[in-house]
>>> print(open('final-v1.txt').read())   # compact mmCIF, C-alpha atoms
# COMPACT_ATOMS: atom_id res chain seq x y z
CA MET A 1394 39.50 122.79 -120.00
CA LEU A 1395 38.37 126.37 -119.39
CA THR A 1396 40.57 129.41 -118.83
CA LEU A 1397 39.35 132.78 -117.55
CA GLY A 1398 40.83 136.10 -118.69
CA PHE A 1399 40.65 139.59 -117.11
CA ASP A 1400 41.52 142.88 -118.83
CA THR A 1401 40.99 146.32 -117.28
CA SER A 1402 42.23 148.86 -119.81
CA ASN A 1403 41.67 152.60 -119.84
CA TYR A 1404 38.66 152.04 -122.12
CA ALA A 1405 36.81 148.93 -120.93
CA THR A 1406 36.38 146.27 -118.27
CA SER A 1407 36.35 142.83 -119.90
CA LEU A 1408 36.23 139.13 -119.04
CA ALA A 1409 36.41 136.06 -121.26
CA VAL A 1410 36.33 132.29 -120.95
CA PHE A 1411 38.17 130.11 -123.48
CA ASP A 1412 37.43 126.39 -123.98
CA THR A 1413 40.68 124.69 -124.98
CA ASP A 1414 38.93 121.51 -126.17
CA ALA A 1415 36.47 123.25 -128.45
CA LYS A 1416 39.01 125.97 -129.42
CA GLU A 1417 36.24 128.49 -128.85
CA VAL A 1418 35.52 131.56 -126.76
CA VAL A 1419 32.47 130.37 -124.84
CA CYS A 1420 31.69 133.62 -123.04
CA ALA A 1421 32.87 137.23 -123.24
CA LYS A 1422 31.66 140.20 -121.23
CA LYS A 1423 32.67 143.83 -121.68
CA GLU A 1424 31.59 147.19 -120.28
CA PHE A 1425 33.01 150.48 -121.52
CA LEU A 1426 34.12 152.90 -118.84
CA PRO A 1427 31.74 155.88 -118.54
CA VAL A 1428 33.17 159.18 -119.77
CA LYS A 1429 31.32 162.48 -119.30
CA GLU A 1430 30.12 164.28 -122.40
CA GLY A 1431 32.84 166.41 -123.97
CA GLN A 1432 35.67 164.73 -122.09
CA ARG A 1433 38.45 162.86 -123.91
CA GLY A 1434 39.18 160.12 -121.40
CA LEU A 1435 39.46 159.38 -117.70
CA ARG A 1436 41.98 160.00 -114.99
CA GLN A 1437 43.56 156.77 -113.77
CA SER A 1438 41.88 157.11 -110.36
CA GLU A 1439 38.49 157.31 -112.09
CA ALA A 1440 39.25 154.34 -114.34
CA LEU A 1441 40.36 152.26 -111.37
CA PHE A 1442 37.14 153.12 -109.53
CA HIS A 1443 34.88 152.21 -112.47
CA HIS A 1444 36.67 148.88 -112.99
CA THR A 1445 36.23 148.07 -109.30
CA VAL A 1446 32.50 148.75 -109.61
CA ALA A 1447 32.04 146.85 -112.89
CA LEU A 1448 33.99 143.66 -112.17
CA PRO A 1449 31.64 142.01 -109.62
CA SER A 1450 28.62 142.53 -111.88
CA LEU A 1451 30.36 141.20 -115.01
CA LEU A 1452 31.74 138.23 -113.11
CA GLY A 1453 28.26 137.49 -111.77
CA GLN A 1454 26.80 137.60 -115.30
CA MET A 1455 29.51 135.24 -116.50
CA ALA A 1456 28.98 132.81 -113.61
CA ALA A 1457 25.29 132.57 -114.61
CA GLU A 1458 26.29 131.36 -118.08
CA VAL A 1459 29.50 129.37 -117.58
CA PRO A 1460 30.46 126.83 -114.87
CA LEU A 1461 33.43 128.77 -113.51
CA SER A 1462 34.21 125.83 -111.19
CA ARG A 1463 35.68 124.20 -114.32
CA VAL A 1464 38.21 126.99 -114.81
CA LYS A 1465 41.73 125.55 -114.56
CA ALA A 1466 43.75 128.75 -115.07
CA VAL A 1467 43.19 132.49 -114.76
CA GLY A 1468 44.95 135.07 -116.90
CA VAL A 1469 45.22 138.82 -116.39
CA SER A 1470 46.82 141.76 -118.17
CA GLU A 1471 48.92 143.47 -115.52
CA LYS A 1472 50.35 146.33 -117.61
CA PRO A 1473 50.05 147.89 -121.08
CA ARG A 1474 53.11 146.42 -122.87
CA PRO A 1475 55.81 143.78 -122.30
CA ALA A 1476 58.43 146.44 -121.61
CA ASP A 1477 60.31 147.75 -118.59
CA GLY A 1478 58.54 150.71 -117.02
CA SER A 1479 55.20 149.95 -118.66
CA TYR A 1480 52.56 150.68 -116.03
CA MET A 1481 49.03 152.02 -115.61
CA PRO A 1482 47.09 151.88 -112.32
CA CYS A 1483 43.85 150.84 -114.05
CA PHE A 1484 45.27 147.32 -114.52
CA LEU A 1485 45.49 146.86 -110.74
CA ALA A 1486 41.73 146.28 -110.62
CA GLY A 1487 42.03 143.30 -112.94
CA VAL A 1488 45.08 141.93 -111.13
CA ASN A 1489 43.28 142.05 -107.79
CA ALA A 1490 40.12 140.38 -109.13
CA ALA A 1491 42.05 137.74 -111.08
CA SER A 1492 44.29 136.97 -108.09
CA ALA A 1493 41.20 136.46 -105.92
CA ALA A 1494 39.54 134.23 -108.53
CA ALA A 1495 42.66 132.09 -108.96
CA GLY A 1496 43.05 131.78 -105.19
CA VAL A 1497 39.43 130.78 -104.61
CA HIS A 1498 39.58 128.09 -107.29
CA GLY A 1499 43.11 126.98 -106.44
CA VAL A 1500 44.36 127.37 -110.01
CA PRO A 1501 47.43 129.08 -111.56
CA LEU A 1502 47.43 132.83 -112.18
CA VAL A 1503 49.06 133.80 -115.49
CA ARG A 1504 50.21 137.42 -115.77
CA THR A 1505 50.52 138.94 -119.23
CA THR A 1506 50.09 142.38 -120.86
CA HIS A 1507 47.29 144.22 -122.59
CA GLN A 1508 49.23 144.35 -125.84
CA GLN A 1509 49.98 140.62 -125.87
CA GLY A 1510 46.28 140.01 -125.26
CA HIS A 1511 45.49 142.00 -128.39
CA VAL A 1512 48.02 139.98 -130.39
CA ALA A 1513 46.64 136.64 -129.20
CA ALA A 1514 43.02 137.66 -129.86
CA ALA A 1515 43.85 138.91 -133.36
CA LEU A 1516 45.78 135.78 -134.34
CA TYR A 1517 42.98 133.59 -132.99
CA ALA A 1518 40.30 135.55 -134.86
CA SER A 1519 42.26 135.29 -138.12
CA ARG A 1520 41.64 131.50 -138.07
CA ARG A 1521 45.04 131.13 -139.70
CA TRP A 1522 46.45 128.71 -137.15
CA GLU A 1523 49.86 128.63 -138.85
CA LEU A 1524 50.43 132.22 -137.67
CA PHE A 1525 50.72 130.96 -134.09
CA HIS A 1526 53.94 129.17 -135.05
CA MET A 1527 55.75 131.65 -137.30
CA PRO A 1528 57.00 135.26 -137.49
CA VAL A 1529 54.24 137.77 -138.19
CA LEU A 1530 53.81 141.55 -138.25
CA VAL A 1531 51.06 142.75 -135.91
CA PHE A 1532 49.72 146.30 -135.92
CA HIS A 1533 48.37 147.34 -132.53
CA ILE A 1534 46.63 150.67 -132.98
CA SER A 1535 44.46 152.06 -130.20
CA GLY A 1536 44.15 155.05 -127.88
CA GLY A 1537 47.48 154.24 -126.24
CA THR A 1538 49.49 152.60 -129.02
CA THR A 1539 50.42 152.92 -132.66
CA ASP A 1540 52.84 150.02 -132.78
CA LEU A 1541 54.07 147.82 -135.60
CA LEU A 1542 55.26 144.68 -133.83
CA LEU A 1543 57.44 141.82 -134.93
CA CYS A 1544 55.94 138.76 -133.25
CA GLU A 1545 56.79 135.08 -133.08
CA GLY A 1546 53.29 133.73 -132.74
CA ILE A 1547 51.81 135.55 -129.75
CA GLU A 1548 55.20 136.59 -128.33
CA VAL A 1549 56.19 140.20 -129.01
CA LYS A 1550 59.83 140.15 -130.11
CA GLN A 1551 60.40 143.74 -131.19
CA THR A 1552 58.62 147.02 -131.81
CA LEU A 1553 59.63 147.91 -135.36
CA GLY A 1554 57.71 151.17 -135.59
CA THR A 1555 55.62 153.45 -133.41
CA SER A 1556 54.22 156.97 -133.26
CA LEU A 1557 56.74 159.58 -132.21
CA ASP A 1558 54.03 161.90 -130.88
CA LEU A 1559 50.23 161.42 -130.93
CA TYR A 1560 48.73 157.91 -131.06
CA ALA A 1561 46.27 157.11 -133.84
CA GLY A 1562 43.48 156.35 -131.38
CA GLN A 1563 44.00 159.70 -129.70
CA ALA A 1564 43.66 161.50 -133.03
CA VAL A 1565 40.49 159.54 -133.83
CA ASP A 1566 38.89 160.10 -130.42
CA ARG A 1567 39.80 163.78 -130.24
CA THR A 1568 38.38 164.38 -133.72
CA GLY A 1569 35.25 162.44 -132.81
CA VAL A 1570 34.70 164.39 -129.59
CA ARG A 1571 35.19 167.65 -131.49
CA LEU A 1572 32.46 166.46 -133.87
CA GLY A 1573 30.13 165.94 -130.92
CA PHE A 1574 30.49 162.20 -130.30
CA PRO A 1575 31.04 160.65 -126.86
CA PHE A 1576 34.43 159.19 -125.94
CA PRO A 1577 35.62 156.73 -127.24
CA ALA A 1578 34.48 157.93 -130.65
CA GLY A 1579 35.97 155.49 -133.16
CA GLU A 1580 32.80 153.58 -133.99
CA GLN A 1581 30.71 156.73 -134.46
CA LEU A 1582 33.45 158.41 -136.50
CA SER A 1583 33.64 155.40 -138.82
CA ARG A 1584 29.87 155.41 -139.38
CA LEU A 1585 29.93 159.13 -140.16
CA ALA A 1586 32.87 158.73 -142.54
CA ALA A 1587 30.87 156.18 -144.55
CA GLU A 1588 28.46 158.98 -145.48
CA CYS A 1589 31.20 160.83 -147.40
CA PRO A 1590 31.31 159.87 -151.12
CA GLN A 1591 34.62 161.66 -151.72
CA GLN A 1592 38.06 160.15 -151.29
CA PRO A 1593 40.17 162.70 -149.39
CA HIS A 1594 43.74 163.22 -150.50
CA VAL A 1595 45.84 162.21 -147.51
CA LYS A 1596 49.49 161.59 -146.75
CA ALA A 1597 51.52 159.89 -144.03
CA VAL A 1598 54.49 161.43 -142.24
CA LEU A 1599 57.13 158.78 -141.53
CA LYS A 1600 60.63 158.62 -140.16
CA GLY A 1601 61.91 155.17 -141.04
CA MET A 1602 59.26 152.79 -139.73
CA ASP A 1603 58.06 155.33 -137.16
CA CYS A 1604 55.31 157.86 -137.81
CA HIS A 1605 54.15 161.34 -136.78
CA LEU A 1606 50.42 161.86 -136.15
CA SER A 1607 50.28 165.09 -134.15
CA GLY A 1608 49.62 167.02 -137.34
CA LEU A 1609 46.48 164.99 -138.06
CA GLU A 1610 44.52 166.51 -135.19
CA ASN A 1611 45.49 170.01 -136.30
CA GLN A 1612 44.55 169.23 -139.92
CA CYS A 1613 41.11 167.99 -138.89
CA CYS A 1614 40.53 171.12 -136.80
CA ALA A 1615 41.58 173.29 -139.74
CA LEU A 1616 39.17 171.47 -142.08
CA LEU A 1617 36.31 172.09 -139.67
CA GLU A 1618 37.19 175.77 -139.38
CA LYS A 1619 37.13 176.01 -143.18
CA GLY A 1620 33.61 174.63 -143.22
CA TYR A 1621 34.23 171.14 -144.58
CA PRO A 1622 31.37 168.68 -143.89
CA HIS A 1623 31.71 166.61 -140.74
CA ALA A 1624 31.57 163.39 -142.76
CA TYR A 1625 34.52 164.54 -144.88
CA VAL A 1626 36.58 165.40 -141.79
CA ALA A 1627 35.80 161.99 -140.26
CA LYS A 1628 36.86 160.21 -143.45
CA TYR A 1629 39.98 162.36 -143.75
CA CYS A 1630 41.01 161.38 -140.22
CA LEU A 1631 40.51 157.64 -140.72
CA CYS A 1632 42.06 157.56 -144.20
CA THR A 1633 45.16 159.34 -142.88
CA VAL A 1634 45.51 156.64 -140.22
CA ALA A 1635 45.03 153.99 -142.92
CA GLU A 1636 47.63 155.59 -145.18
CA THR A 1637 50.04 155.64 -142.23
CA VAL A 1638 49.46 151.92 -141.66
CA PHE A 1639 50.10 151.22 -145.33
CA ARG A 1640 53.31 153.25 -145.45
CA MET A 1641 54.66 151.70 -142.23
CA VAL A 1642 54.11 148.22 -143.67
CA GLU A 1643 55.86 149.28 -146.87
CA ALA A 1644 58.79 150.52 -144.80
CA ALA A 1645 58.91 147.19 -142.94
CA TYR A 1646 58.87 145.29 -146.22
CA ALA A 1647 61.71 147.47 -147.52
CA ALA A 1648 63.70 146.65 -144.36
CA GLY A 1649 63.35 142.92 -145.07
CA TYR A 1650 60.33 142.07 -142.92
CA ARG A 1651 58.11 140.70 -145.69
CA LEU A 1652 55.70 138.77 -143.46
CA PRO A 1653 51.93 138.34 -143.06
CA VAL A 1654 50.30 141.35 -141.40
CA VAL A 1655 47.56 141.08 -138.76
CA CYS A 1656 45.79 144.21 -137.52
CA ALA A 1657 44.62 144.57 -133.91
CA GLY A 1658 43.37 147.37 -131.68
CA GLY A 1659 40.16 149.37 -131.63
CA VAL A 1660 41.09 151.70 -134.50
CA MET A 1661 41.65 148.69 -136.76
CA SER A 1662 38.00 147.66 -136.39
CA SER A 1663 36.97 150.59 -138.61
CA HIS A 1664 35.68 149.43 -142.00
CA ILE A 1665 37.09 152.64 -143.50
CA VAL A 1666 40.62 151.77 -142.36
CA ARG A 1667 40.18 148.12 -143.36
CA GLY A 1668 38.92 148.92 -146.86
CA TYR A 1669 41.68 151.45 -147.52
CA VAL A 1670 44.51 149.14 -146.43
CA THR A 1671 43.24 145.88 -147.97
CA ALA A 1672 42.89 147.62 -151.33
CA ARG A 1673 46.66 148.25 -151.24
CA LEU A 1674 48.14 145.26 -149.40
CA ARG A 1675 47.70 141.58 -150.18
CA ASP A 1676 48.69 139.51 -147.16
CA VAL A 1677 46.93 141.51 -144.45
CA CYS A 1678 44.23 140.33 -142.04
CA PHE A 1679 41.74 142.56 -140.23
CA VAL A 1680 39.81 140.72 -137.52
CA PRO A 1681 36.20 141.39 -136.38
CA GLY A 1682 35.64 144.22 -133.92
CA GLN A 1683 34.91 141.84 -131.04
CA PHE A 1684 38.52 140.64 -131.27
CA ALA A 1685 40.15 143.89 -132.43
CA SER A 1686 39.00 146.29 -129.72
CA ASP A 1687 39.88 145.98 -126.04
CA ASN A 1688 38.91 142.53 -124.76
CA ALA A 1689 40.02 139.74 -122.42
CA ILE A 1690 39.84 137.02 -125.07
CA GLY A 1691 43.55 137.01 -125.85
CA VAL A 1692 44.37 137.00 -122.14
CA ALA A 1693 42.31 133.83 -121.64
CA ILE A 1694 44.08 132.24 -124.64
CA ILE A 1695 47.50 133.15 -123.25
CA ALA A 1696 46.53 131.55 -119.93
CA ALA A 1697 45.76 128.31 -121.79
CA LYS A 1698 49.12 128.44 -123.55
CA GLU A 1699 51.10 129.09 -120.38
CA VAL A 1700 49.60 126.12 -118.50
CA GLY A 1701 50.26 123.72 -121.38
CA ALA A 1702 46.69 123.50 -122.68
CA TRP A 1703 47.31 125.38 -125.94
CA PRO A 1704 45.21 123.60 -128.58
CA MET A 1705 46.52 125.22 -131.77
>>> encode(input="final-v1.txt", output="structure tokens")
Amino acid sequence: MLTLGFDTSNYATSLAVFDTDAKEVVCAKKEFLPVKEGQRGLRQSEALFHHTVALPSLLGQMAAEVPLSRVKAVGVSEKPRPADGSYMPCFLAGVNAASAAAGVHGVPLVRTTHQQGHVAAALYASRRWELFHMPVLVFHISGGTTDLLLCEGIEVKQTLGTSLDLYAGQAVDRTGVRLGFPFPAGEQLSRLAAECPQQPHVKAVLKGMDCHLSGLENQCCALLEKGYPHAYVAKYCLCTVAETVFRMVEAAYAAGYRLPVVCAGGVMSSHIVRGYVTARLRDVCFVPGQFASDNAIGVAIIAAKEVGAWPM
């Protein structure tokens, strides 16, 4: 059985097909939204337009590789988080395309959220199938979230911690753009940081299991004004995010949530963040970038689960 997933975030248009018999993602297509040089994101009207343009082409590419007539369920992320009031217009493009696809093929349409898609993709990529059936801590860190989630498998039960001001992905992208990289800048910032042999002294600012990251952007700007090398500033930014992740997990452990930790979201695909955290925590899983950054893979997996074809 095949399931088709749609995700239209504020960063990328993505589609994925999941084969429930083989337990494999058989096709995944993604196109980042175009952002003009020097800009730090898109207005929602622009994002919605670019998704509308990209979807037919990506769907056509997928149809050339996968027999979409075999799709038995369609999934779509309809909003950012599973919470009241969570809404972004960019997801309407995916909902419209997914609704049309489900209607044409006469199959169920499964509505989920962008965040739950990240959780499902990360758990799948971990290849630790037992995590689908037990409590787990999932970090979702991207341009729009810095959330430490208590999950029961792929179901988000509670947000234990979050950023009280700037999101980690925003700090990373803004620093990267200031260093001359195009938006989103996480991948380029991580490559630049690898050129720095020094280990910056960083600290996290926490309030319980929540964090403050607004100071990080200001600190990076101050380092640049003082003449610090760009590679050092890039590493300082990413290591501060990593230290924040580590301290938030420690706070969760201290509160009694001593569970496996799985890291999702585009920021978590950085090898700088991964190396820093795994050197300090034992039971933590970072998944490959294909599954960590924005993608429709988890959405396709959730569609399989909701129609009773969950193979795990």
>>> closest_residue(input="final-v1.txt", among="A:Ala1689, A:Val1500, A:Ala1494, A:Val1419", to="Thr1401 of chain A", atoms="all atoms listed in the file")
A:Ala1689
>>> closest_residue(input="final-v1.txt", among="A:Gln1432, A:Thr1413, A:Ser1519, A:Ser1438", to="Arg1571 of chain A", atoms="only C-alpha atoms")
A:Gln1432
>>> closest_residue(input="final-v1.txt", among="A:His1444, A:His1623, A:Lys1429, A:Lys1596", to="Leu1609 of chain A", atoms="all atoms listed in the file")
A:Lys1596
>>> closest_residue(input="final-v1.txt", among="A:Ala1627, A:Phe1411, A:Gln1581, A:Pro1590", to="Ala1564 of chain A", atoms="all atoms listed in the file")
A:Ala1627
>>> residues_around(input="final-v1.txt", residues="Asn1489 of chain A", least_positions_apart="4", cutoff="12 Å", atoms="all atoms listed in the file", output="PyMOL selection string")
chain A and resi 1399-1401+1441+1444-1445+1448-1449+1467-1471+1482-1485+1493-1496+1502+1504
>>> closest_residue(input="final-v1.txt", among="A:Gly1659, A:Pro1577, A:Gly1668, A:Gly1649", to="Val1428 of chain A", atoms="all atoms listed in the file")
A:Pro1577
>>> closest_residue(input="final-v1.txt", among="A:Ala1440, A:Ile1665, A:Leu1616, A:Cys1589", to="Ser1402 of chain A", atoms="all atoms listed in the file")
A:Ala1440
>>> build_atoms(input="final-v1.txt", residues="segment 1588-1599 of chain A", atoms="all heavy atoms", output="PDB file, in the frame of the given file")
ATOM      1  N   GLU A1588      29.420 158.132-144.789  1.00  0.00           N
ATOM      2  CA  GLU A1588      28.460 158.980-145.480  1.00  0.00           C
ATOM      3  C   GLU A1588      29.132 159.904-146.502  1.00  0.00           C
ATOM      4  O   GLU A1588      28.448 160.578-147.278  1.00  0.00           O
ATOM      5  CB  GLU A1588      27.681 159.827-144.472  1.00  0.00           C
ATOM      6  CG  GLU A1588      26.873 159.002-143.471  1.00  0.00           C
ATOM      7  CD  GLU A1588      26.212 159.864-142.417  1.00  0.00           C
ATOM      8  OE1 GLU A1588      26.255 161.111-142.568  1.00  0.00           O
ATOM      9  OE2 GLU A1588      25.666 159.313-141.435  1.00  0.00           O
ATOM     10  N   CYS A1589      30.460 159.935-146.496  1.00  0.00           N
ATOM     11  CA  CYS A1589      31.200 160.830-147.400  1.00  0.00           C
ATOM     12  C   CYS A1589      31.535 160.093-148.700  1.00  0.00           C
ATOM     13  O   CYS A1589      32.273 159.100-148.673  1.00  0.00           O
ATOM     14  CB  CYS A1589      32.481 161.322-146.735  1.00  0.00           C
ATOM     15  SG  CYS A1589      33.524 162.342-147.807  1.00  0.00           S
ATOM     16  N   PRO A1590      31.025 160.550-149.853  1.00  0.00           N
ATOM     17  CA  PRO A1590      31.310 159.870-151.120  1.00  0.00           C
ATOM     18  C   PRO A1590      32.692 160.193-151.687  1.00  0.00           C
ATOM     19  O   PRO A1590      33.204 159.489-152.558  1.00  0.00           O
ATOM     20  CB  PRO A1590      30.208 160.390-152.041  1.00  0.00           C
ATOM     21  CG  PRO A1590      29.913 161.764-151.513  1.00  0.00           C
ATOM     22  CD  PRO A1590      30.101 161.690-150.022  1.00  0.00           C
ATOM     23  N   GLN A1591      33.313 161.244-151.199  1.00  0.00           N
ATOM     24  CA  GLN A1591      34.620 161.660-151.720  1.00  0.00           C
ATOM     25  C   GLN A1591      35.747 160.838-151.104  1.00  0.00           C
ATOM     26  O   GLN A1591      35.605 160.282-150.012  1.00  0.00           O
ATOM     27  CB  GLN A1591      34.861 163.140-151.405  1.00  0.00           C
ATOM     28  CG  GLN A1591      33.851 164.091-152.005  1.00  0.00           C
ATOM     29  CD  GLN A1591      33.982 165.476-151.398  1.00  0.00           C
ATOM     30  OE1 GLN A1591      33.321 165.807-150.420  1.00  0.00           O
ATOM     31  NE2 GLN A1591      34.860 166.292-151.990  1.00  0.00           N
ATOM     32  N   GLN A1592      36.852 160.771-151.823  1.00  0.00           N
ATOM     33  CA  GLN A1592      38.060 160.150-151.290  1.00  0.00           C
ATOM     34  C   GLN A1592      39.066 161.256-150.989  1.00  0.00           C
ATOM     35  O   GLN A1592      39.669 161.815-151.901  1.00  0.00           O
ATOM     36  CB  GLN A1592      38.664 159.143-152.281  1.00  0.00           C
ATOM     37  CG  GLN A1592      39.934 158.464-151.779  1.00  0.00           C
ATOM     38  CD  GLN A1592      39.744 157.766-150.440  1.00  0.00           C
ATOM     39  OE1 GLN A1592      38.882 156.910-150.286  1.00  0.00           O
ATOM     40  NE2 GLN A1592      40.548 158.146-149.450  1.00  0.00           N
ATOM     41  N   PRO A1593      39.251 161.608-149.720  1.00  0.00           N
ATOM     42  CA  PRO A1593      40.170 162.700-149.390  1.00  0.00           C
ATOM     43  C   PRO A1593      41.606 162.358-149.820  1.00  0.00           C
ATOM     44  O   PRO A1593      42.020 161.194-149.790  1.00  0.00           O
ATOM     45  CB  PRO A1593      40.075 162.793-147.862  1.00  0.00           C
ATOM     46  CG  PRO A1593      38.775 162.139-147.510  1.00  0.00           C
ATOM     47  CD  PRO A1593      38.592 161.054-148.526  1.00  0.00           C
ATOM     48  N   HIS A1594      42.323 163.387-150.199  1.00  0.00           N
ATOM     49  CA  HIS A1594      43.740 163.220-150.500  1.00  0.00           C
ATOM     50  C   HIS A1594      44.521 163.331-149.196  1.00  0.00           C
ATOM     51  O   HIS A1594      44.511 164.379-148.544  1.00  0.00           O
ATOM     52  CB  HIS A1594      44.220 164.289-151.486  1.00  0.00           C
ATOM     53  CG  HIS A1594      45.683 164.202-151.783  1.00  0.00           C
ATOM     54  ND1 HIS A1594      46.241 163.176-152.519  1.00  0.00           N
ATOM     55  CD2 HIS A1594      46.719 165.013-151.421  1.00  0.00           C
ATOM     56  CE1 HIS A1594      47.546 163.359-152.603  1.00  0.00           C
ATOM     57  NE2 HIS A1594      47.863 164.464-151.946  1.00  0.00           N
ATOM     58  N   VAL A1595      45.150 162.242-148.796  1.00  0.00           N
ATOM     59  CA  VAL A1595      45.840 162.210-147.510  1.00  0.00           C
ATOM     60  C   VAL A1595      47.290 161.779-147.710  1.00  0.00           C
ATOM     61  O   VAL A1595      47.640 161.218-148.750  1.00  0.00           O
ATOM     62  CB  VAL A1595      45.151 161.242-146.518  1.00  0.00           C
ATOM     63  CG1 VAL A1595      43.722 161.695-146.234  1.00  0.00           C
ATOM     64  CG2 VAL A1595      45.155 159.815-147.052  1.00  0.00           C
ATOM     65  N   LYS A1596      48.112 162.036-146.716  1.00  0.00           N
ATOM     66  CA  LYS A1596      49.490 161.590-146.750  1.00  0.00           C
ATOM     67  C   LYS A1596      49.947 161.203-145.354  1.00  0.00           C
ATOM     68  O   LYS A1596      49.391 161.661-144.352  1.00  0.00           O
ATOM     69  CB  LYS A1596      50.417 162.652-147.335  1.00  0.00           C
ATOM     70  CG  LYS A1596      50.543 163.910-146.489  1.00  0.00           C
ATOM     71  CD  LYS A1596      51.539 164.878-147.123  1.00  0.00           C
ATOM     72  CE  LYS A1596      51.731 166.127-146.247  1.00  0.00           C
ATOM     73  NZ  LYS A1596      52.733 167.052-146.834  1.00  0.00           N
ATOM     74  N   ALA A1597      50.939 160.329-145.304  1.00  0.00           N
ATOM     75  CA  ALA A1597      51.520 159.890-144.030  1.00  0.00           C
ATOM     76  C   ALA A1597      52.862 160.571-143.832  1.00  0.00           C
ATOM     77  O   ALA A1597      53.592 160.840-144.806  1.00  0.00           O
ATOM     78  CB  ALA A1597      51.678 158.381-144.021  1.00  0.00           C
ATOM     79  N   VAL A1598      53.195 160.837-142.572  1.00  0.00           N
ATOM     80  CA  VAL A1598      54.490 161.430-142.240  1.00  0.00           C
ATOM     81  C   VAL A1598      55.289 160.388-141.470  1.00  0.00           C
ATOM     82  O   VAL A1598      54.964 160.044-140.334  1.00  0.00           O
ATOM     83  CB  VAL A1598      54.317 162.708-141.384  1.00  0.00           C
ATOM     84  CG1 VAL A1598      55.680 163.307-141.062  1.00  0.00           C
ATOM     85  CG2 VAL A1598      53.441 163.715-142.112  1.00  0.00           C
ATOM     86  N   LEU A1599      56.338 159.862-142.116  1.00  0.00           N
ATOM     87  CA  LEU A1599      57.130 158.780-141.530  1.00  0.00           C
ATOM     88  C   LEU A1599      58.571 159.201-141.332  1.00  0.00           C
ATOM     89  O   LEU A1599      59.099 160.074-142.040  1.00  0.00           O
ATOM     90  CB  LEU A1599      57.092 157.537-142.431  1.00  0.00           C
ATOM     91  CG  LEU A1599      56.052 156.462-142.091  1.00  0.00           C
ATOM     92  CD1 LEU A1599      54.646 157.013-142.262  1.00  0.00           C
ATOM     93  CD2 LEU A1599      56.244 155.240-142.991  1.00  0.00           C
TER      94      LEU A1599
END
